[in-house]
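Accompanying notes for the structure given below.
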Protein chains: 4
Amino acid sequence: MTFKSDNTAGICPEILEKLAIVNQDTADAYGGDSITAYVKEQFNLLFEKQVEVHFMATGTATNCLALASLTPPYGAIFCHEHAHIITDETNAPELFTGGAKLMGLPGNNGKICPEAFSQEIHNLAAMRPHNAMPAALSLTQSTEAGTVYTIEELKILTSIAKQHNLYVHMDGARFANAVVALDESPADITWRLGVDILSFGGTKNGAFAAEAAVFFNEHLAKNMDYQQKRFGQLMSKMRFFSCQFEALFENNLWLKNATHANKMAKLLSKKLLNFPEVELIYPVDANEIFVKMPSALAQKLRDQGFEFYDWNFSKELIQTYRFVTSFNTKEIDFTI
Amino acid sequence: MTFKSDNTAGICPEILEKLAIVNQDTADAYGGDSITAYVKEQFNLLFEKQVEVHFMATGTATNCLALASLTPPYGAIFCHEHAHIITDETNAPELFTGGAKLMGLPGNNGKICPEAFSQEIHNLAAMRPHNAMPAALSLTQSTEAGTVYTIEELKILTSIAKQHNLYVHMDGARFANAVVALDESPADITWRLGVDILSFGGTKNGAFAAEAAVFFNEHLAKNMDYQQKRFGQLMSKMRFFSCQFEALFENNLWLKNATHANKMAKLLSKKLLNFPEVELIYPVDANEIFVKMPSALAQKLRDQGFEFYDWNFSKELIQTYRFVTSFNTKEIDFTI
Amino acid sequence: MTFKSDNTAGICPEILEKLAIVNQDTADAYGGDSITAYVKEQFNLLFEKQVEVHFMATGTATNCLALASLTPPYGAIFCHEHAHIITDETNAPELFTGGAKLMGLPGNNGKICPEAFSQEIHNLAAMRPHNAMPAALSLTQSTEAGTVYTIEELKILTSIAKQHNLYVHMDGARFANAVVALDESPADITWRLGVDILSFGGTKNGAFAAEAAVFFNEHLAKNMDYQQKRFGQLMSKMRFFSCQFEALFENNLWLKNATHANKMAKLLSKKLLNFPEVELIYPVDANEIFVKMPSALAQKLRDQGFEFYDWNFSKELIQTYRFVTSFNTKEIDFTI
Amino acid sequence: MTFKSDNTAGICPEILEKLAIVNQDTADAYGGDSITAYVKEQFNLLFEKQVEVHFMATGTATNCLALASLTPPYGAIFCHEHAHIITDETNAPELFTGGAKLMGLPGNNGKICPEAFSQEIHNLAAMRPHNAMPAALSLTQSTEAGTVYTIEELKILTSIAKQHNLYVHMDGARFANAVVALDESPADITWRLGVDILSFGGTKNGAFAAEAAVFFNEHLAKNMDYQQKRFGQLMSKMRFFSCQFEALFENNLWLKNATHANKMAKLLSKKLLNFPEVELIYPVDANEIFVKMPSALAQKLRDQGFEFYDWNFSKELIQTYRFVTSFNTKEIDFTI
């Protein structure tokens, strides 16, 4: 049983069925089809607002297209120092933005420290024009530490951003897990708090390749059709990408999948904590578990068939491991 | 019945079935799975050579990643003045290459004129360093005019390229249609003639999103993993992209699909030529038909349910129209 | 005697003297000095308007910084097909703009044909988003053919641009020669006609490295300090660059220099036309002369010590040659 | 008396005189002149090796052109966390390199900690292809802390770089000050230790705009003419830039200027240390002094006419100030 990532899981059956249904007819290319139009309308309903949605094949492209809309090439994007965009996307953000700088900020539990954020804005602004212009804040929800920002925590950070005329991006590769964890409406934890663009992930939640850049700010979305094309993300048979969200939204499948994944993470973390040597590194708010344990124990678990990654990419993280659960994790998988 | 493009067709059944089969298990992400490994091996067999393959979600990304491997940012890429990369991909080639210049060349029937090519290399080289460095040749096969370069025609152009140390790219969005039309082996019409990278298209041939950058030149492929990631094309559930080619290669489905499409184009062109006012603009070698006809006749056809695009993007092309056939075009569709 | 270019001439004495004067004191770096502030004020007076000026070391950087302000990376810049920015600046425009496309337009005497311009805007817009977004017009004044647009000609082109919400750039590497030729005020032939940014050249007019990007549009200039820095054009000892314009503006030296150069071109063209085999290719409005003549005659002139360039970069230009005069061309130099 | 920077000083008289001499004749543009050729030869002699030299107008452009030669756009450049290229050049490195990532490393006295460097190479390499490829090391000599790497210290760092096939860049904005401080030959502290490209600064040492990218590695220099043009750094009247180095090399003016500046820094630091509240932050190896002192004392000095910058850009640097001396600092200026 693999806990390497939620992207090792396959496609959930409802989405496979949807593909077959959509395939029954020809349709205009590049998103000019009726299914894509219908799905976009579903996004409006979900977010209680007219939004502009662009479907992409990868989270990298979605995040980077969003960032490219929020910063000029001479700008700086503030994010947590462990943010996916700074540690796991090679130089894609730099490419898509034309050369903007990512500024990693410290903070406990994968959440940006507000004081560090304020301070860094001031430092950069004081250097004008010899260092990058403060331009955007990127928040990951749920975070790279498997935690979830509360509404209050988000408010503090987005307020600082807005005070300094920074745009706000939310990397929601695991947005569904956060919605479920907070039990709040998508609108209340995004644009009502000042988020300008959300990267809404479907792939880690049961799709095979469904990522959506959701623009809450009409002005920013103006020429996104050109950008999507230019970034090589305007798929010709777009309906097979957009329809994955149709399936996810039907009967709230996206929330069911995430609820299951979160629940499995809670259960698995309990099981792991049965070992007295195991220590949780971060609270388990969503579907990721980070634990410290002796390498001998890790080996023992691996010998039993558990698959999971070492997570010791910094000195502080010796003997740290990550487990991720997904829509199709089965409880029986982790009978230890 | 739509003849707008071969990308208005859906997914051919064999590919949908393959998705379901592949979905039966979990697998490592980002192409580290056994299906992707297997499909790569199939490419080696097909091309009678160890090749390096990268799967992408769009033709734009595939072409542009290929071009980025063949030219420095200060380089020039020579292509036909009607080449897709110069007329239909916004500024994606400029983005991916870091700012290289596309040089459109004239030539009949969508094929580059060798003399014009030679001349332009000389002109540019003479301007050094005040104009771009000649770096690469990009050929489209089958061409944007629906014609197919013969081996002899290809040889002449690739020889000129090699004489001047230019790399050669082949845009094979409709490569299958060309293979069928020429009845030659894939190897004989690519690397054996000096092609360095082929954009091998599956999407227009029955896949929903299957494009492969096939590197014949090991040296050029060295760091392509980084490039694929940086361009936002490293799909996490890669096996659902690579397996489309598995299905296409089984029982030569890719050739069957293309054979059908080419045959339908021949038939449809005959039907159209029954109207004395209809004139073929280019020979119908593959699956595209370009005709000149009075707009009244075009309207009449549209009234009968024929869907097709105007193709009058230049002065010379008044009252010109394009029809495209595909793997699922039915003969009955064009009973006029 | 060299007629290769106006940049083979050296520095005019008034500018050398100015350097020595400016050197008498220390000053804040990066343009924060009083001389630079003073010179900027002179630009306001000259253009009868509050303008924003950035001093650069090369015309390439000035043009490209200007273009980067006028087009998004997915945009198209329209220019004459012989425009310096498309034929002589390698891929710098593509680099600085993040990948915008230059669209060369035909037109007699180095001047853009208005119909071709309109047509191309329409063609591109119709392709949205599959080709670049019409974004900017770049005019060269005086032109690469040594001619000068009249106010009426400029009006027609800038009107088309404004109708379609395109910004207008003027490449004024030889702006002084045009001002002198037209005998109009700088304001009347730039912003009053809708020009948004002027590349104001000093180097070809007696400076050693003085180019200014003059922004007539406040909105466009907003973050140019960052851009100048990012493009490597924020010289630390900026006063030695800005002061060259101080010298050029004192006693209208810039107009005197250009008047002389233009006059010399007229005289030289007359001399050349004394040869019955010599034919003028374009009217001699400014300081460049393009002639067709037998290569034997060209050789004879070269044997006499005349230095000038072949200008046969296209098929139509066989046996064509360019002569350029400058502020320090002496009449005695061309006693043939 | 200003100690704000060594770029607040003007031009040293020998260079002004050289300009006048060089101005006596016309010359081919873009570096095709005999003076530029002569100066390039001087560089060969100085470095005891055939080198390739490109003259630029700014240090930013010189550093960034160098870096662009050493890293692909998907690469990482390692540098000290206070390196000028990461803190003071906006996003120019990202622009010029096409989006490479700068990785700031810790280390005392402005010098990179070798262990941190090794560790970070390993961390990045382990992430392949999800993070940048280790590509280059950039060392500043003399450092941003006003210290100078010893040959032994350099050897350790360049060895690590070479072990991992990284190229090495040296930012020598204050190279002369380091040469003087070490009393070693330029060759011994650059290419003989594995440096591939040196940014050789003249501007802070008495020139008005003279920066040279010195390529010790022939292979890397191959197409630099295109790059220089593309970056807007191919000045047409190049001889006025190259000749500044001619003047600097005559009678070892460059070393005399630096010797003076270093000596003045030593003297000034002594004077400052006469105040018991003043504490040196870093050793004074070259021409920069960093001190901690009460703000009241700083104010008192400013009231006496001393000009210098606050240097408190991080929390650890409260009440820290920087003083810089130059070729024309006079001892009498700092009678406190």
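Going by the structure tokens order, chains are called A, B, ..., each with residues numbered from 1, while ligands are numbered from 1 in the order shown.
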Per residue of chain B within 8 Å of chain A, which atom pair is closest and at what distance in Å (one decimal), using only C-alpha atoms, listed by chain and increasing number, as a Markdown table?
| residue | atom | partner | partner_atom | distance |
| --- | --- | --- | --- | --- |
| B:Thr2 | CA | A:Thr26 | CA | 7.8 |
| B:Asn7 | CA | A:Ala29 | CA | 6.2 |
| B:Thr8 | CA | A:Ala27 | CA | 5.0 |
| B:Ala9 | CA | A:Thr26 | CA | 4.9 |
| B:Gly10 | CA | A:Asn23 | CA | 5.4 |
| B:Ile11 | CA | A:Asn23 | CA | 6.3 |
| B:Leu16 | CA | A:Ala20 | CA | 7.3 |
| B:Ala20 | CA | A:Leu16 | CA | 7.3 |
| B:Asn23 | CA | A:Gly10 | CA | 5.4 |
| B:Gln24 | CA | A:Gly10 | CA | 7.5 |
| B:Asp25 | CA | A:Gly10 | CA | 6.9 |
| B:Thr26 | CA | A:Ala9 | CA | 4.9 |
| B:Ala27 | CA | A:Thr8 | CA | 5.0 |
| B:Asp28 | CA | A:Thr8 | CA | 5.3 |
| B:Ala29 | CA | A:Thr8 | CA | 5.5 |
| B:Ala57 | CA | A:Ala57 | CA | 6.6 |
| B:Thr58 | CA | A:Met235 | CA | 5.6 |
| B:Gly59 | CA | A:Gly232 | CA | 7.6 |
| B:Thr60 | CA | A:Gly232 | CA | 5.1 |
| B:Ala61 | CA | A:Gly232 | CA | 4.5 |
| B:Glu89 | CA | A:Arg230 | CA | 6.8 |
| B:Thr90 | CA | A:Arg230 | CA | 5.8 |
| B:Asn91 | CA | A:Arg230 | CA | 5.6 |
| B:Ala92 | CA | A:Arg230 | CA | 4.2 |
| B:Leu95 | CA | A:Arg230 | CA | 7.3 |
| B:Thr203 | CA | A:Lys237 | CA | 8.0 |
| B:Phe208 | CA | A:Lys237 | CA | 6.0 |
| B:Ala209 | CA | A:Lys237 | CA | 7.1 |
| B:Tyr226 | CA | A:Thr90 | CA | 7.2 |
| B:Lys229 | CA | A:Thr90 | CA | 6.8 |
| B:Arg230 | CA | A:Ala92 | CA | 4.2 |
| B:Phe231 | CA | A:Ala92 | CA | 6.2 |
| B:Gly232 | CA | A:Ala61 | CA | 4.5 |
| B:Gln233 | CA | A:Thr58 | CA | 6.7 |
| B:Leu234 | CA | A:Thr58 | CA | 7.2 |
| B:Met235 | CA | A:Thr58 | CA | 5.6 |
| B:Ser236 | CA | A:Asn7 | CA | 6.2 |
| B:Lys237 | CA | A:Phe208 | CA | 6.0 |
| B:Phe240 | CA | A:Phe208 | CA | 7.0 |
Go ahead and write the residues just picked, C-alpha atoms, as a JSON list (two decimals), in the first residue's frame.
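Full text of result-v9.json as output:
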[["chain", "number", "residue", "atom", "x", "y", "z"],
["B", 2, "THR", "CA", -17.99, 18.64, -38.91],
["B", 7, "ASN", "CA", -9.39, 17.74, -33.10],
["B", 8, "THR", "CA", -13.18, 18.04, -32.99],
["B", 9, "ALA", "CA", -13.36, 14.26, -33.00],
["B", 10, "GLY", "CA", -13.39, 12.50, -29.66],
["B", 11, "ILE", "CA", -11.36, 9.62, -28.28],
["B", 16, "LEU", "CA", -10.80, 4.78, -23.60],
["B", 20, "ALA", "CA", -9.72, 1.79, -17.68],
["B", 23, "ASN", "CA", -6.51, 2.58, -13.85],
["B", 24, "GLN", "CA", -6.67, -0.74, -12.06],
["B", 25, "ASP", "CA", -3.60, -0.04, -9.97],
["B", 26, "THR", "CA", -1.68, 2.71, -8.26],
["B", 27, "ALA", "CA", 1.62, 3.79, -9.78],
["B", 28, "ASP", "CA", 4.53, 6.08, -9.19],
["B", 29, "ALA", "CA", 3.99, 9.62, -10.36],
["B", 57, "ALA", "CA", -0.51, 17.45, -23.07],
["B", 58, "THR", "CA", -0.43, 19.74, -26.11],
["B", 59, "GLY", "CA", 1.18, 20.04, -29.49],
["B", 60, "THR", "CA", 2.17, 23.59, -28.70],
["B", 61, "ALA", "CA", 4.22, 22.47, -25.72],
["B", 89, "GLU", "CA", 0.95, 29.23, -31.55],
["B", 90, "THR", "CA", 0.77, 32.82, -30.36],
["B", 91, "ASN", "CA", 4.18, 33.63, -28.91],
["B", 92, "ALA", "CA", 4.78, 30.23, -27.36],
["B", 95, "LEU", "CA", 8.57, 32.03, -24.75],
["B", 203, "THR", "CA", -4.39, 13.89, -30.38],
["B", 208, "PHE", "CA", -7.59, 12.91, -26.19],
["B", 209, "ALA", "CA", -4.22, 14.42, -25.29],
["B", 226, "TYR", "CA", 14.23, 19.57, -16.22],
["B", 229, "LYS", "CA", 9.06, 20.12, -15.55],
["B", 230, "ARG", "CA", 9.91, 23.80, -16.05],
["B", 231, "PHE", "CA", 7.43, 24.10, -18.92],
["B", 232, "GLY", "CA", 4.62, 22.73, -16.74],
["B", 233, "GLN", "CA", 4.35, 19.52, -18.77],
["B", 234, "LEU", "CA", 5.42, 16.91, -16.25],
["B", 235, "MET", "CA", 2.00, 15.44, -15.54],
["B", 236, "SER", "CA", 1.82, 13.65, -12.20],
["B", 237, "LYS", "CA", -0.39, 10.81, -13.40],
["B", 240, "PHE", "CA", -2.72, 8.11, -18.44]]
Excluding range 36-50 of chain B and its own-chain neighbours fewer than 5 positions away, which residues fall within 12 Å of it when counting only C-alpha atoms? Please give them as an MDAnalysis selection string. chainID B and resid 22 27:31 55 184:192 198 200 212:218 221 235:250 252 254
Name the residues of range 214-331 of chain B that fall into alpha helix (DSSP H) according to DSSP on the backbone, using the chain letters and numbers of this document, as a ChimeraX atom specification. /B:218-221,224-230,239-249,253-273,295-303
If DSSP is run on the backbone, what residues of range 91-306 of chain D are strand (DSSP E)? A reply as an MDAnalysis selection string would be ideal. chainID D and resid 101:105 133:140 167:172 197:201 211:215 279:280 288:292
Using N, CA, C and O atoms, can you export the residues from the last selection as a compact mmCIF listing (two decimals), in the first residue's frame?
# COMPACT_ATOMS: atom_id res chain seq x y z
N LYS D 101 17.71 30.11 -10.99
CA LYS D 101 17.44 30.42 -9.59
C LYS D 101 18.75 30.73 -8.88
O LYS D 101 19.74 30.03 -9.07
N LEU D 102 18.74 31.78 -8.08
CA LEU D 102 19.88 32.09 -7.23
C LEU D 102 19.66 31.44 -5.88
O LEU D 102 18.60 31.58 -5.29
N MET D 103 20.65 30.73 -5.39
CA MET D 103 20.55 30.06 -4.09
C MET D 103 21.52 30.74 -3.14
O MET D 103 22.75 30.56 -3.27
N GLY D 104 21.00 31.50 -2.19
CA GLY D 104 21.86 32.19 -1.22
C GLY D 104 22.38 31.25 -0.16
O GLY D 104 21.62 30.46 0.39
N LEU D 105 23.67 31.31 0.08
CA LEU D 105 24.30 30.42 1.07
C LEU D 105 24.84 31.25 2.23
O LEU D 105 25.31 32.37 2.04
N MET D 133 18.72 22.53 -11.41
CA MET D 133 19.95 21.76 -11.59
C MET D 133 21.14 22.58 -11.11
O MET D 133 21.34 23.71 -11.56
N PRO D 134 21.97 22.05 -10.22
CA PRO D 134 23.17 22.77 -9.80
C PRO D 134 24.02 23.12 -11.03
O PRO D 134 24.36 22.22 -11.80
N ALA D 135 24.31 24.38 -11.22
CA ALA D 135 24.97 24.78 -12.47
C ALA D 135 26.20 25.66 -12.27
O ALA D 135 27.19 25.49 -12.96
N ALA D 136 26.16 26.58 -11.33
CA ALA D 136 27.27 27.53 -11.24
C ALA D 136 27.45 28.04 -9.82
O ALA D 136 26.52 28.08 -9.02
N LEU D 137 28.69 28.45 -9.58
CA LEU D 137 29.04 29.11 -8.32
C LEU D 137 29.46 30.54 -8.66
O LEU D 137 30.22 30.74 -9.59
N SER D 138 28.94 31.49 -7.91
CA SER D 138 29.37 32.88 -8.11
C SER D 138 30.01 33.39 -6.82
O SER D 138 29.38 33.40 -5.76
N LEU D 139 31.27 33.79 -6.95
CA LEU D 139 32.04 34.32 -5.82
C LEU D 139 32.25 35.80 -6.01
O LEU D 139 32.51 36.23 -7.14
N THR D 140 32.18 36.57 -4.95
CA THR D 140 32.46 37.99 -5.07
C THR D 140 33.82 38.27 -4.45
O THR D 140 34.07 37.85 -3.31
N TYR D 167 30.20 25.46 -13.15
CA TYR D 167 31.07 26.53 -13.60
C TYR D 167 31.27 27.54 -12.47
O TYR D 167 30.47 27.60 -11.54
N VAL D 168 32.33 28.34 -12.59
CA VAL D 168 32.62 29.33 -11.56
C VAL D 168 32.70 30.73 -12.14
O VAL D 168 33.42 30.99 -13.11
N HIS D 169 31.94 31.61 -11.52
CA HIS D 169 31.95 33.02 -11.88
C HIS D 169 32.54 33.81 -10.73
O HIS D 169 32.33 33.47 -9.57
N MET D 170 33.32 34.83 -11.07
CA MET D 170 33.80 35.75 -10.04
C MET D 170 33.28 37.14 -10.32
O MET D 170 33.55 37.70 -11.39
N ASP D 171 32.55 37.68 -9.35
CA ASP D 171 32.08 39.06 -9.46
C ASP D 171 33.18 39.96 -8.93
O ASP D 171 33.38 40.07 -7.71
N GLY D 172 33.91 40.57 -9.85
CA GLY D 172 35.04 41.41 -9.48
C GLY D 172 34.75 42.88 -9.64
O GLY D 172 35.57 43.60 -10.20
N ILE D 197 34.69 32.69 -15.64
CA ILE D 197 34.43 34.06 -16.13
C ILE D 197 34.60 35.03 -14.97
O ILE D 197 34.12 34.79 -13.86
N LEU D 198 35.27 36.13 -15.27
CA LEU D 198 35.45 37.19 -14.28
C LEU D 198 34.73 38.44 -14.75
O LEU D 198 34.88 38.85 -15.89
N SER D 199 33.93 39.02 -13.86
CA SER D 199 33.41 40.36 -14.10
C SER D 199 34.45 41.32 -13.55
O SER D 199 34.63 41.42 -12.34
N PHE D 200 35.13 41.99 -14.45
CA PHE D 200 36.27 42.83 -14.07
C PHE D 200 35.77 44.27 -14.06
O PHE D 200 35.49 44.86 -15.10
N GLY D 201 35.70 44.85 -12.85
CA GLY D 201 35.12 46.17 -12.72
C GLY D 201 36.13 47.29 -12.85
O GLY D 201 37.20 47.24 -12.25
N GLU D 211 33.29 48.10 -17.61
CA GLU D 211 33.15 46.79 -17.00
C GLU D 211 33.49 45.78 -18.10
O GLU D 211 33.11 45.96 -19.25
N ALA D 212 34.19 44.74 -17.72
CA ALA D 212 34.60 43.76 -18.72
C ALA D 212 34.23 42.36 -18.25
O ALA D 212 34.51 41.99 -17.11
N ALA D 213 33.59 41.62 -19.13
CA ALA D 213 33.39 40.19 -18.86
C ALA D 213 34.58 39.47 -19.48
O ALA D 213 34.77 39.51 -20.70
N VAL D 214 35.39 38.84 -18.64
CA VAL D 214 36.61 38.18 -19.10
C VAL D 214 36.37 36.67 -19.07
O VAL D 214 36.20 36.08 -18.01
N PHE D 215 36.35 36.08 -20.27
CA PHE D 215 36.11 34.64 -20.39
C PHE D 215 37.44 33.90 -20.45
O PHE D 215 38.22 34.10 -21.38
N GLU D 279 32.46 49.45 16.69
CA GLU D 279 32.87 48.06 16.61
C GLU D 279 32.92 47.64 15.15
O GLU D 279 31.97 47.91 14.40
N LEU D 280 33.97 47.03 14.74
CA LEU D 280 34.06 46.55 13.35
C LEU D 280 33.24 45.27 13.20
O LEU D 280 33.36 44.36 14.01
N GLU D 288 36.09 48.76 1.96
CA GLU D 288 34.79 48.97 2.60
C GLU D 288 34.91 48.69 4.10
O GLU D 288 35.60 47.76 4.52
N ILE D 289 34.19 49.48 4.86
CA ILE D 289 34.22 49.36 6.32
C ILE D 289 32.79 49.23 6.81
O ILE D 289 31.93 50.04 6.45
N PHE D 290 32.55 48.20 7.60
CA PHE D 290 31.23 48.02 8.20
C PHE D 290 31.37 48.12 9.71
O PHE D 290 32.12 47.33 10.30
N VAL D 291 30.67 49.06 10.28
CA VAL D 291 30.81 49.24 11.73
C VAL D 291 29.44 49.26 12.40
O VAL D 291 28.43 49.63 11.80
N LYS D 292 29.45 48.84 13.65
CA LYS D 292 28.29 49.00 14.51
C LYS D 292 28.62 50.17 15.44
O LYS D 292 29.72 50.28 15.97
